[in-house]
$ cat input_13.txt   # compact mmCIF, C-alpha atoms
# COMPACT_ATOMS: atom_id res chain seq x y z
CA MET S 74 142.04 -15.66 196.35
CA SER S 75 141.25 -12.73 194.07
CA LEU S 76 140.03 -13.23 190.55
CA PRO S 77 142.33 -12.27 187.66
CA ARG S 78 141.70 -8.85 186.18
CA ARG S 79 141.87 -7.78 182.56
CA LEU S 80 141.95 -4.35 180.94
CA VAL S 81 141.37 -4.11 177.19
CA ILE S 82 142.04 -0.77 175.49
CA ILE S 83 140.81 -0.34 171.92
CA VAL S 84 142.90 2.42 170.40
CA ARG S 85 145.13 3.52 167.56
CA ALA S 86 148.27 2.40 169.36
CA ASP S 87 151.93 2.88 168.53
CA PRO S 88 153.44 3.52 166.07
CA VAL S 89 150.78 6.13 165.29
CA ILE S 90 152.03 9.63 166.11
CA CYS S 91 149.16 10.66 168.33
CA GLY S 92 149.19 11.75 171.94
CA HIS S 93 146.39 9.34 172.67
CA SER S 94 148.46 6.33 171.65
CA GLY S 95 150.75 7.49 174.46
CA GLU S 96 147.72 7.73 176.75
CA ALA S 97 146.92 4.08 176.08
CA ARG S 98 150.51 3.06 176.80
CA ASN S 99 150.56 4.94 180.10
CA LEU S 100 147.20 3.59 181.26
CA ALA S 101 148.38 0.08 180.39
CA GLU S 102 151.61 0.45 182.35
CA VAL S 103 149.89 1.79 185.47
CA ALA S 104 147.22 -0.91 185.25
CA LEU S 105 149.90 -3.54 185.90
CA THR S 106 150.68 -1.85 189.22
CA ARG S 107 147.01 -1.60 190.21
CA GLY S 108 146.03 -5.25 190.23
CA PHE S 109 145.31 -5.89 186.57
CA ASP S 110 147.02 -9.13 185.58
CA ASP S 111 146.38 -8.98 181.84
CA VAL S 112 146.38 -5.79 179.77
CA ARG S 113 145.61 -5.85 176.05
CA LEU S 114 145.91 -3.08 173.49
CA LEU S 115 143.59 -4.03 170.68
CA THR S 116 144.58 -2.06 167.60
CA TRP S 117 145.00 -2.04 163.85
CA PRO S 118 147.30 -4.12 161.62
CA MET S 119 150.26 -2.20 160.23
CA PRO S 120 149.05 -2.31 156.59
CA ALA S 121 145.80 -0.60 157.62
CA LEU S 122 147.67 2.18 159.45
CA GLU S 123 150.03 2.71 156.54
CA ALA S 124 147.21 2.74 153.98
CA ALA S 125 145.35 5.37 156.02
CA GLY S 126 148.25 7.79 155.63
CA LEU S 127 148.60 8.29 159.37
CA PRO S 128 151.93 9.75 160.57
CA LEU S 129 153.90 6.86 162.08
CA LYS S 130 156.96 6.66 164.32
CA PRO S 131 159.99 4.65 163.17
CA LEU S 132 159.26 1.06 164.17
CA ASP S 133 162.81 0.46 165.38
CA GLY S 134 162.54 3.39 167.79
CA LEU S 135 159.46 2.26 169.73
CA LEU S 136 159.92 1.70 173.44
CA PRO S 137 158.93 -1.83 174.57
CA TYR S 138 155.89 -2.44 176.73
CA SER S 139 156.24 -4.10 180.13
CA PRO S 140 155.61 -7.85 180.44
CA GLY S 141 151.89 -8.33 180.97
CA ILE S 142 150.92 -5.91 178.22
CA THR S 143 150.01 -7.52 174.91
CA VAL S 144 149.49 -5.53 171.71
CA GLU S 145 147.12 -7.38 169.40
CA ARG S 146 146.58 -6.44 165.77
CA PRO S 147 143.78 -8.77 164.58
CA GLU S 148 143.88 -9.66 160.91
CA PRO S 149 140.93 -8.54 158.77
CA VAL S 150 138.03 -10.95 158.39
CA GLY S 151 136.52 -11.39 154.92
CA ASP S 152 137.84 -10.55 151.48
CA TYR S 153 138.17 -7.49 149.27
CA ARG S 154 134.40 -7.15 148.87
CA VAL S 155 134.15 -5.86 152.45
CA PRO S 156 136.70 -2.96 152.41
CA ASP S 157 137.17 -1.34 155.83
CA GLY S 158 134.63 -3.57 157.52
CA ARG S 159 137.11 -6.45 157.40
CA TYR S 160 139.29 -4.76 159.98
CA LEU S 161 136.37 -3.90 162.24
CA ALA S 162 135.22 -7.52 162.03
CA GLY S 163 138.69 -8.63 163.10
CA LEU S 164 138.78 -6.27 166.08
CA THR S 165 135.22 -7.03 167.16
CA GLY S 166 135.65 -10.78 166.76
CA ARG S 167 138.82 -10.82 168.84
CA LEU S 168 137.14 -8.83 171.61
CA VAL S 169 134.23 -11.30 171.66
CA GLU S 170 136.78 -14.09 172.12
CA LEU S 171 138.35 -12.28 175.08
CA LEU S 172 134.92 -11.63 176.62
CA SER S 173 134.05 -15.30 176.33
CA GLU S 174 136.68 -16.10 178.96
CA PRO S 175 135.54 -16.00 182.63
CA VAL S 176 137.70 -12.99 183.50
CA PRO S 177 136.30 -9.70 184.85
CA THR S 178 137.17 -7.19 182.15
CA VAL S 179 137.18 -3.44 181.67
CA CYS S 180 136.96 -2.33 178.03
CA LEU S 181 138.14 1.21 177.35
CA SER S 182 137.67 2.67 173.88
CA MET S 183 139.76 5.71 173.00
CA TYR S 184 138.87 7.79 169.95
CA LEU S 185 135.17 7.08 169.70
CA VAL S 186 134.78 6.21 166.02
CA PRO S 187 135.10 3.35 165.36
CA HIS S 188 136.60 1.97 168.58
CA MET S 189 133.55 2.32 170.81
CA ASN S 190 131.50 0.60 168.09
CA VAL S 191 133.87 -2.35 168.41
CA VAL S 192 133.26 -2.51 172.16
CA ILE S 193 129.48 -2.14 172.10
CA ASP S 194 129.08 -4.58 169.18
CA ALA S 195 131.32 -7.15 170.89
CA VAL S 196 129.52 -6.88 174.23
CA THR S 197 126.12 -7.11 172.52
CA ALA S 198 127.20 -10.15 170.54
CA ALA S 199 128.70 -11.88 173.58
CA ARG S 200 125.55 -11.35 175.64
CA ALA S 201 123.24 -12.41 172.81
CA ALA S 202 125.27 -15.62 172.44
CA GLY S 203 124.73 -16.41 176.11
CA LEU S 204 128.39 -15.96 177.06
CA ARG S 205 127.53 -13.77 180.09
CA PRO S 206 130.67 -11.57 179.91
CA GLN S 207 131.80 -9.90 183.14
CA VAL S 208 132.49 -6.55 181.56
CA ARG S 209 132.28 -2.83 182.20
CA THR S 210 132.66 -0.43 179.29
CA MET S 211 134.32 2.98 179.28
CA ALA S 212 134.41 5.37 176.31
CA LYS S 213 136.87 8.23 176.24
CA ALA S 214 136.33 11.08 173.81
CA VAL S 215 139.83 12.31 173.09
CA GLY S 216 138.57 15.42 171.36
CA SER S 217 139.24 15.23 167.64
CA ASP S 218 136.62 12.49 167.40
CA VAL S 219 134.12 15.17 168.46
CA THR S 220 135.47 18.12 166.49
CA ASN S 221 136.07 15.95 163.42
CA VAL S 222 133.26 13.38 163.26
CA ILE S 223 130.34 15.09 165.01
CA ARG S 224 131.05 18.63 163.86
CA ASN S 225 131.46 17.50 160.25
CA ALA S 226 128.25 15.49 160.45
CA LEU S 227 126.38 18.52 161.75
CA ARG S 228 127.92 20.87 159.22
CA ASP S 229 127.02 18.57 156.32
CA ASN S 230 123.52 17.90 157.70
CA HIS S 231 124.32 14.22 158.28
CA PHE S 232 122.33 13.98 161.49
CA GLY S 233 122.00 10.24 161.18
CA ALA S 234 125.72 9.82 161.81
CA ALA S 235 125.56 12.11 164.84
CA ILE S 236 122.57 10.20 166.23
CA ALA S 237 124.36 6.88 165.78
CA LEU S 238 127.48 8.20 167.50
CA PHE S 239 125.63 9.59 170.52
CA THR S 240 123.51 6.46 170.88
CA THR S 241 126.60 4.26 170.94
CA PHE S 242 128.48 6.63 173.23
CA LEU S 243 125.67 6.66 175.80
CA ALA S 244 125.45 2.85 175.68
CA ASN S 245 128.74 2.69 177.59
CA ASP S 246 128.83 2.36 181.36
CA GLU S 247 131.23 5.27 181.86
CA LEU S 248 131.77 8.34 179.68
CA ILE S 249 135.00 10.36 179.77
CA ALA S 250 136.20 13.49 177.98
CA VAL S 251 139.88 14.35 177.68
CA SER S 252 139.36 17.97 178.79
CA GLU S 253 136.72 20.39 179.98
CA TYR S 254 136.72 21.91 176.51
CA THR S 255 135.94 18.50 175.01
CA ARG S 256 133.15 17.88 177.50
CA ASP S 257 131.60 21.24 176.63
CA GLU S 258 131.86 20.37 172.92
CA ILE S 259 130.11 17.05 173.47
CA VAL S 260 127.24 18.73 175.30
CA ALA S 261 126.99 21.53 172.72
CA CYS S 262 126.85 19.03 169.86
CA ALA S 263 124.22 16.99 171.70
CA GLU S 264 122.14 20.13 172.24
CA GLU S 265 122.29 20.93 168.53
CA VAL S 266 121.22 17.44 167.52
CA ASP S 267 118.39 17.57 170.07
CA ARG S 268 117.24 20.94 168.72
CA VAL S 269 117.13 19.83 165.10
CA VAL S 270 116.01 16.20 165.41
CA GLY S 271 114.10 16.18 168.69
CA THR S 272 116.36 13.69 170.46
CA SER S 273 117.32 13.89 174.13
CA PHE S 274 121.09 13.38 174.20
CA ALA S 275 122.19 16.58 175.93
CA GLY S 276 120.83 15.79 179.39
CA PRO S 277 122.60 12.42 179.78
CA CYS S 278 125.81 13.84 178.30
CA ARG S 279 125.71 16.78 180.71
CA SER S 280 125.18 14.56 183.75
CA ARG S 281 127.34 11.56 182.86
CA VAL S 282 130.46 12.79 181.03
CA VAL S 283 133.41 13.33 183.38
CA ILE S 284 136.83 14.80 182.64
CA GLY S 285 139.84 12.52 182.43
CA TYR S 286 143.01 14.38 181.51
CA PRO S 287 145.71 12.53 179.56
CA PRO S 288 147.94 10.31 181.74
CA ILE S 289 151.60 11.15 181.20
CA ASP S 290 154.67 9.24 182.31
CA THR S 291 156.32 12.20 184.00
CA SER S 292 159.40 10.13 184.88
CA ALA S 293 160.27 9.88 181.16
CA TYR S 294 160.64 13.66 180.91
CA LEU S 295 161.89 14.92 184.26
CA ASP S 296 165.56 15.69 184.77
CA PRO S 297 167.12 14.38 181.56
CA ALA S 298 170.85 13.82 182.04
CA PRO S 299 172.80 16.85 180.75
CA GLU S 300 175.31 14.60 179.00
CA ALA S 301 172.46 12.78 177.21
CA VAL S 302 171.02 16.10 176.06
CA GLU S 303 174.39 17.30 174.78
CA ALA S 304 175.00 14.01 172.96
CA ALA S 305 171.57 14.13 171.29
CA LEU S 306 172.09 17.73 170.18
CA ALA S 307 175.55 16.96 168.86
CA ARG S 308 174.17 14.11 166.74
CA ARG S 309 171.72 16.55 165.20
CA GLY S 310 174.20 19.37 164.72
CA LEU S 311 172.42 21.52 167.31
CA GLU S 312 173.49 23.49 170.38
CA ARG S 313 171.71 24.07 173.68
CA ASP S 314 169.48 27.16 173.46
CA GLY S 315 170.43 27.39 169.80
CA TYR S 316 167.06 26.48 168.30
CA VAL S 317 163.33 27.01 168.58
CA LEU S 318 161.53 23.64 168.55
CA PHE S 319 158.27 22.53 166.98
CA LEU S 320 157.70 18.86 167.82
CA SER S 321 154.25 17.67 166.83
CA ARG S 322 152.21 16.42 163.90
CA VAL S 323 153.08 18.58 160.89
CA ALA S 324 149.63 19.82 159.92
CA ARG S 325 147.95 23.13 159.18
CA ALA S 326 145.89 23.02 162.37
CA LYS S 327 149.10 22.84 164.42
CA GLY S 328 150.04 26.29 163.11
CA VAL S 329 153.16 25.13 161.30
CA TYR S 330 152.58 27.42 158.30
CA ASP S 331 152.25 30.40 160.62
CA LEU S 332 155.41 29.32 162.42
CA VAL S 333 157.57 29.12 159.30
CA THR S 334 156.32 32.51 158.14
CA ALA S 335 156.83 34.07 161.59
CA PHE S 336 160.35 32.67 161.86
CA GLY S 337 161.20 34.35 158.59
CA GLN S 338 160.24 37.69 160.14
CA ALA S 339 161.73 37.16 163.61
CA ARG S 340 164.90 38.94 164.73
CA CYS S 341 165.96 35.89 166.73
CA ARG S 342 166.57 33.88 163.54
CA GLU S 343 170.05 35.40 163.50
CA GLN S 344 170.81 33.53 166.74
CA VAL S 345 168.71 30.37 166.60
CA LYS S 346 167.49 27.80 164.13
CA LEU S 347 163.94 26.54 163.79
CA VAL S 348 163.69 22.76 164.21
CA ILE S 349 160.51 21.15 162.89
CA ALA S 350 160.37 17.61 164.27
CA GLY S 351 157.63 15.27 163.14
CA THR S 352 155.72 14.05 160.15
CA GLY S 353 152.24 14.72 158.86
CA PRO S 354 150.15 15.78 155.88
CA ALA S 355 151.75 19.22 155.53
CA LEU S 356 155.37 18.06 155.75
CA GLU S 357 156.26 18.07 152.04
CA HIS S 358 154.64 21.47 151.48
CA ILE S 359 156.40 22.99 154.48
CA GLN S 360 159.73 21.55 153.33
CA ALA S 361 159.17 23.16 149.95
CA MET S 362 158.36 26.50 151.60
CA ALA S 363 161.60 26.36 153.60
CA LEU S 364 163.79 25.02 150.82
CA GLU S 365 165.89 28.18 150.58
CA ASP S 366 166.10 28.80 154.33
CA GLU S 367 169.17 27.18 155.83
CA ARG S 368 168.04 28.21 159.32
CA ILE S 369 165.14 25.71 159.26
CA VAL S 370 165.92 22.07 160.08
CA PHE S 371 163.56 19.12 159.59
CA LEU S 372 163.72 15.96 161.73
CA THR S 373 161.37 13.12 160.75
CA ASP S 374 162.82 10.29 162.82
CA VAL S 375 162.67 11.50 166.44
CA ASP S 376 161.86 8.60 168.76
CA ASP S 377 160.42 8.59 172.28
CA GLU S 378 163.83 8.56 173.97
CA GLU S 379 165.15 11.54 172.01
CA LYS S 380 162.01 13.68 172.39
CA PRO S 381 162.60 14.95 175.96
CA LEU S 382 166.26 15.60 175.16
CA LEU S 383 165.38 17.89 172.26
CA MET S 384 162.72 19.57 174.39
CA ASN S 385 165.17 20.18 177.23
CA GLY S 386 167.79 21.74 174.96
CA CYS S 387 165.62 24.21 173.07
CA ALA S 388 165.54 27.98 173.52
CA ALA S 389 161.74 27.86 173.20
CA TYR S 390 159.08 25.38 172.21
CA THR S 391 156.28 26.50 169.90
CA LEU S 392 152.89 24.97 169.23
CA PRO S 393 150.86 27.77 167.60
CA THR S 394 147.82 25.55 167.06
CA LYS S 395 144.64 27.08 165.68
CA PRO S 396 141.08 25.86 165.04
CA GLU S 397 140.37 24.27 161.68
CA PRO S 398 137.10 22.70 160.44
CA ASP S 399 138.46 19.18 160.85
CA PHE S 400 140.59 19.63 163.99
CA VAL S 401 140.81 21.64 167.19
CA GLU S 402 143.52 21.03 169.77
CA THR S 403 141.45 19.60 172.59
CA PHE S 404 144.30 19.40 175.12
CA GLY S 405 147.87 19.42 173.83
CA ILE S 406 149.82 16.54 175.37
CA ALA S 407 153.09 17.67 173.79
CA LEU S 408 152.80 20.94 175.71
CA VAL S 409 152.80 19.12 179.04
CA GLU S 410 155.66 16.86 177.95
CA LYS S 411 157.70 19.96 177.13
CA MET S 412 156.84 21.60 180.43
CA LEU S 413 158.11 18.53 182.26
CA SER S 414 161.31 18.37 180.23
CA GLY S 415 162.60 21.82 181.15
CA GLY S 416 164.43 24.09 178.74
CA GLY S 417 163.06 27.28 177.25
CA PRO S 418 159.49 28.53 177.62
CA VAL S 419 156.42 27.24 175.80
CA ILE S 420 154.80 29.50 173.20
CA THR S 421 151.25 28.52 172.29
CA THR S 422 147.70 29.74 171.72
CA LEU S 423 144.51 29.43 173.73
CA THR S 424 142.85 27.09 171.28
CA GLY S 425 140.44 24.43 172.47
CA GLY S 426 141.88 22.82 175.59
CA THR S 427 145.45 24.14 175.47
CA GLY S 428 144.72 26.53 178.33
CA GLU S 429 143.98 23.51 180.52
CA ALA S 430 147.31 21.98 179.51
CA VAL S 431 149.51 25.01 180.25
CA GLY S 432 147.60 26.99 182.87
CA ASP S 433 149.27 30.39 183.23
CA THR S 434 152.80 29.10 182.65
CA ALA S 435 153.23 29.72 178.90
CA ILE S 436 153.73 32.65 176.54
CA VAL S 437 150.34 32.92 174.84
CA VAL S 438 149.76 34.44 171.41
CA GLU S 439 146.63 34.98 169.36
CA ALA S 440 145.86 31.98 167.16
CA GLY S 441 146.75 32.72 163.53
CA SER S 442 148.71 35.90 164.27
CA VAL S 443 152.08 35.63 162.52
CA THR S 444 153.24 38.97 163.91
CA ALA S 445 152.44 38.00 167.52
CA LEU S 446 154.21 34.67 167.04
CA ALA S 447 157.37 36.34 165.71
CA GLU S 448 157.34 38.79 168.63
CA ALA S 449 156.88 35.97 171.12
CA MET S 450 159.87 34.06 169.73
CA ASP S 451 161.98 37.21 169.90
CA HIS S 452 160.88 37.81 173.49
CA ALA S 453 161.67 34.25 174.54
CA VAL S 454 165.05 34.10 172.85
CA LEU S 455 166.36 37.69 173.06
CA GLU S 456 164.70 39.34 176.05
CA LEU S 457 164.14 36.84 178.87
CA SER S 458 166.90 36.73 181.45
CA THR S 459 168.39 33.49 182.72
CA ASP S 460 166.52 33.88 186.02
CA GLU S 461 163.22 34.55 184.25
CA ARG S 462 163.65 31.46 182.11
CA ARG S 463 164.49 29.36 185.16
CA ARG S 464 161.44 30.59 187.09
CA MET S 465 159.14 29.98 184.11
CA ALA S 466 160.50 26.46 183.68
CA GLN S 467 160.01 25.69 187.38
CA ARG S 468 156.41 26.92 187.42
CA ALA S 469 155.62 25.00 184.23
CA ARG S 470 157.08 21.81 185.65
CA GLU S 471 155.11 22.10 188.90
CA TYR S 472 151.88 22.61 186.95
CA ALA S 473 152.55 19.73 184.56
CA LEU S 474 153.15 17.23 187.38
CA ALA S 475 149.39 17.21 187.99
CA PHE S 476 149.02 15.09 184.84
CA ASP S 477 151.17 12.22 186.10
CA ARG S 478 149.76 8.92 184.88
CA GLU S 479 149.28 7.31 188.32
CA PRO S 480 146.81 9.82 189.86
CA VAL S 481 145.07 10.17 186.49
CA PHE S 482 144.64 6.38 186.33
CA ASP S 483 143.44 6.15 189.92
CA ALA S 484 140.79 8.81 189.32
CA HIS S 485 138.95 6.36 187.05
CA PHE S 486 140.25 2.97 188.15
CA GLY S 487 140.71 3.58 191.88
CA PRO S 488 141.10 0.42 194.00
CA GLN S 489 137.81 0.85 195.90
CA ASP S 490 135.65 2.25 193.13
CA SER S 491 137.19 0.58 190.12
CA PRO S 492 134.81 -1.18 187.72
CA VAL S 493 136.64 -4.47 188.29
CA ALA S 494 136.44 -4.13 192.06
CA GLN S 495 132.72 -3.47 191.76
CA MET S 496 132.26 -6.62 189.71
CA GLN S 497 134.24 -8.71 192.18
CA ASN S 498 132.37 -7.36 195.19
CA ALA S 499 129.07 -8.19 193.52
CA GLN S 500 130.00 -11.87 193.24
$ encode --input "input_13.txt" --output "structure tokens"
Amino acid sequence: MSLPRRLVIIVRADPVICGHSGEARNLAEVALTRGFDDVRLLTWPMPALEAAGLPLKPLDGLLPYSPGITVERPEPVGDYRVPDGRYLAGLTGRLVELLSEPVPTVCLSMYLVPHMNVVIDAVTAARAAGLRPQVRTMAKAVGSDVTNVIRNALRDNHFGAAIALFTTFLANDELIAVSEYTRDEIVACAEEVDRVVGTSFAGPCRSRVVIGYPPIDTSAYLDPAPEAVEAALARRGLERDGYVLFLSRVARAKGVYDLVTAFGQARCREQVKLVIAGTGPALEHIQAMALEDERIVFLTDVDDEEKPLLMNGCAAYTLPTKPEPDFVETFGIALVEKMLSGGGPVITTLTGGTGEAVGDTAIVVEAGSVTALAEAMDHAVLELSTDERRRMAQRAREYALAFDREPVFDAHFGPQDSPVAQMQNAQ
């Protein structure tokens, strides 16, 4: 009789608008089909997410998780004199409790700071207390944790923070990067810290970090029913091929300012609207910029069921992301979701890891070029023939299928080489 298996993912889970909350959901769902009996998403209480100002999905529009997946939001431990540490204490304490049970467990932390600290601190505490946890730890760098935390620490000469991050990262059993770009960034940052401080992080990072692309539930995007698409568009006052879509976090680094400016210059604005779907720190400013433009529509309440329908019905999808000091697009999950959904072509830039997401299937423009973006929208809407659009959509879909959540899961949790299987075989 096989032992029970548990997977614990420490992550900023739904309702946070973040592709990596979707990653956690997809890994959790596949885990149930791969012999894990108990899957936990250990995440933050709602008040903490709201206070942080993170863009959040409407709570009543969240898709339910399958039975066997439990989302836990531990309450903070301590009082007001321990500000953010109260929440970390709650997460760490709950993980120690789970590790105290005699269940072989894999702990995956996504978004390194502070989630991997929770894992390493909990494992250290459990072992020091003599609990002998059967645990294997995996840390996945989703990208912005590198470009935001490490790069800012290096820029501001805060090498202590970079040293602490790398030390904790390397303390995990398995190290994963969301894209080749992210892996290269990790190694480059480690080399810089080594050069300035005299540490030796780069070698282990270069040899141990593997690539784990985002797992996507392709079935949620493929072949949306035409009548469902038409109904969704009708509810929004839209028509098929009658709009260019931006569906992402509304932030400067996503290129939304460039997009609004480019749309104002584009010839295709006479035939299509621009739909900006999402929320984020730049939303109010962008709405003010577009106040006099009746051709720009804002949607702030798109849920997971409506997303592929809007993607399928658009004349083109744009994500003109560009590098900023605090963010670089390290993959671009929304790009793959759009490619699976069908509809008009993707227009994007080769920023960070977006080239890995789209391959050679998208219309690529120079990051930050308003003129090139306007010309690309005109080309997609006014110049591509029906056959050209169909062929582009087919190629994009075939490429995007490589990111299906099942093979991505199996690459790291395969039945023969999975961390849990290794633990069981050792007993």
$ residues_around --input "input_13.txt" --residues "Val186 in chain S" --least-positions-apart "6" --cutoff "8 Å" --atoms "all atoms listed in the file" --output "ChimeraX atom specification"
/S:218,222,238
$ atom_distance --input "input_13.txt" --atom1 "CA of Pro77 in chain S" --atom2 "CA of Ile289 in chain S"
26.0 Å
$ atom_distance --input "input_13.txt" --atom1 "CA of Leu455 in chain S" --atom2 "CA of Leu423 in chain S"
23.4 Å
$ closest_residue --input "input_13.txt" --among "S:Pro140, S:Pro118, S:Gly151, S:Pro381" --to "Ser292 in chain S" --atoms "all atoms listed in the file"
S:Pro381
$ residues_near_point --input "input_13.txt" --point "(120.6, 9.9, 164.4)" --cutoff "12 Å" --atoms "only C-alpha atoms" --output "list of chain:residue names"
S:Ile223, S:Ala226, S:Leu227, S:Asn230, S:His231, S:Phe232, S:Gly233, S:Ala234, S:Ala235, S:Ile236, S:Ala237, S:Leu238, S:Phe239, S:Thr240, S:Thr241, S:Ala263, S:Glu265, S:Val266, S:Asp267, S:Val269, S:Val270, S:Gly271, S:Thr272, S:Ser273, S:Phe274
$ write_last_selection --input "input_13.txt" --atoms "C-alpha atoms" --output "JSON list (two decimals), in the frame of the given file"
[["chain", "number", "residue", "atom", "x", "y", "z"],
["S", 223, "ILE", "CA", 130.34, 15.09, 165.01],
["S", 226, "ALA", "CA", 128.25, 15.49, 160.45],
["S", 227, "LEU", "CA", 126.38, 18.52, 161.75],
["S", 230, "ASN", "CA", 123.52, 17.90, 157.70],
["S", 231, "HIS", "CA", 124.32, 14.22, 158.28],
["S", 232, "PHE", "CA", 122.33, 13.98, 161.49],
["S", 233, "GLY", "CA", 122.00, 10.24, 161.18],
["S", 234, "ALA", "CA", 125.72, 9.82, 161.81],
["S", 235, "ALA", "CA", 125.56, 12.11, 164.84],
["S", 236, "ILE", "CA", 122.57, 10.20, 166.23],
["S", 237, "ALA", "CA", 124.36, 6.88, 165.78],
["S", 238, "LEU", "CA", 127.48, 8.20, 167.50],
["S", 239, "PHE", "CA", 125.63, 9.59, 170.52],
["S", 240, "THR", "CA", 123.51, 6.46, 170.88],
["S", 241, "THR", "CA", 126.60, 4.26, 170.94],
["S", 263, "ALA", "CA", 124.22, 16.99, 171.70],
["S", 265, "GLU", "CA", 122.29, 20.93, 168.53],
["S", 266, "VAL", "CA", 121.22, 17.44, 167.52],
["S", 267, "ASP", "CA", 118.39, 17.57, 170.07],
["S", 269, "VAL", "CA", 117.13, 19.83, 165.10],
["S", 270, "VAL", "CA", 116.01, 16.20, 165.41],
["S", 271, "GLY", "CA", 114.10, 16.18, 168.69],
["S", 272, "THR", "CA", 116.36, 13.69, 170.46],
["S", 273, "SER", "CA", 117.32, 13.89, 174.13],
["S", 274, "PHE", "CA", 121.09, 13.38, 174.20]]
$ residues_around --input "input_13.txt" --residues "Arg167 in chain S" --least-positions-apart "2" --cutoff "12 Å" --atoms "only C-alpha atoms" --output "PyMOL selection string"
chain S and resi 81+83+113-117+145-150+160-165+169-174+191-192+194-196+198-199
$ build_atoms --input "input_13.txt" --residues "range 400-405 of chain S" --atoms "all heavy atoms" --output "JSON list (two decimals), keeping the file's coordinate frame"
[["chain", "number", "residue", "atom", "x", "y", "z"],
["S", 400, "PHE", "N", 139.77, 19.91, 162.81],
["S", 400, "PHE", "CA", 140.59, 19.63, 163.99],
["S", 400, "PHE", "C", 140.68, 20.87, 164.87],
["S", 400, "PHE", "O", 140.91, 21.99, 164.39],
["S", 400, "PHE", "CB", 142.00, 19.21, 163.57],
["S", 400, "PHE", "CG", 142.91, 18.91, 164.75],
["S", 400, "PHE", "CD1", 142.88, 17.67, 165.37],
["S", 400, "PHE", "CD2", 143.77, 19.88, 165.24],
["S", 400, "PHE", "CE1", 143.70, 17.39, 166.46],
["S", 400, "PHE", "CE2", 144.60, 19.62, 166.32],
["S", 400, "PHE", "CZ", 144.56, 18.36, 166.93],
["S", 401, "VAL", "N", 140.52, 20.63, 166.17],
["S", 401, "VAL", "CA", 140.81, 21.64, 167.19],
["S", 401, "VAL", "C", 141.62, 20.95, 168.27],
["S", 401, "VAL", "O", 141.31, 19.83, 168.68],
["S", 401, "VAL", "CB", 139.52, 22.23, 167.79],
["S", 401, "VAL", "CG1", 139.86, 23.23, 168.89],
["S", 401, "VAL", "CG2", 138.67, 22.91, 166.72],
["S", 402, "GLU", "N", 142.67, 21.60, 168.73],
["S", 402, "GLU", "CA", 143.52, 21.03, 169.77],
["S", 402, "GLU", "C", 142.72, 20.94, 171.06],
["S", 402, "GLU", "O", 142.47, 21.95, 171.72],
["S", 402, "GLU", "CB", 144.76, 21.90, 169.98],
["S", 402, "GLU", "CG", 145.85, 21.25, 170.76],
["S", 402, "GLU", "CD", 146.63, 20.26, 169.91],
["S", 402, "GLU", "OE1", 147.19, 20.66, 168.88],
["S", 402, "GLU", "OE2", 146.67, 19.08, 170.30],
["S", 403, "THR", "N", 142.35, 19.74, 171.44],
["S", 403, "THR", "CA", 141.45, 19.60, 172.59],
["S", 403, "THR", "C", 142.18, 19.47, 173.92],
["S", 403, "THR", "O", 141.54, 19.48, 174.97],
["S", 403, "THR", "CB", 140.52, 18.39, 172.38],
["S", 403, "THR", "OG1", 141.32, 17.24, 172.07],
["S", 403, "THR", "CG2", 139.54, 18.65, 171.26],
["S", 404, "PHE", "N", 143.49, 19.34, 173.89],
["S", 404, "PHE", "CA", 144.30, 19.40, 175.12],
["S", 404, "PHE", "C", 145.70, 19.88, 174.79],
["S", 404, "PHE", "O", 146.06, 21.00, 175.12],
["S", 404, "PHE", "CB", 144.34, 18.05, 175.84],
["S", 404, "PHE", "CG", 145.11, 18.11, 177.13],
["S", 404, "PHE", "CD1", 144.55, 18.70, 178.24],
["S", 404, "PHE", "CD2", 146.40, 17.60, 177.22],
["S", 404, "PHE", "CE1", 145.26, 18.78, 179.44],
["S", 404, "PHE", "CE2", 147.11, 17.67, 178.41],
["S", 404, "PHE", "CZ", 146.54, 18.26, 179.52],
["S", 405, "GLY", "N", 146.49, 19.05, 174.15],
["S", 405, "GLY", "CA", 147.87, 19.42, 173.83],
["S", 405, "GLY", "C", 148.86, 18.68, 174.71],
["S", 405, "GLY", "O", 149.55, 19.28, 175.55]]
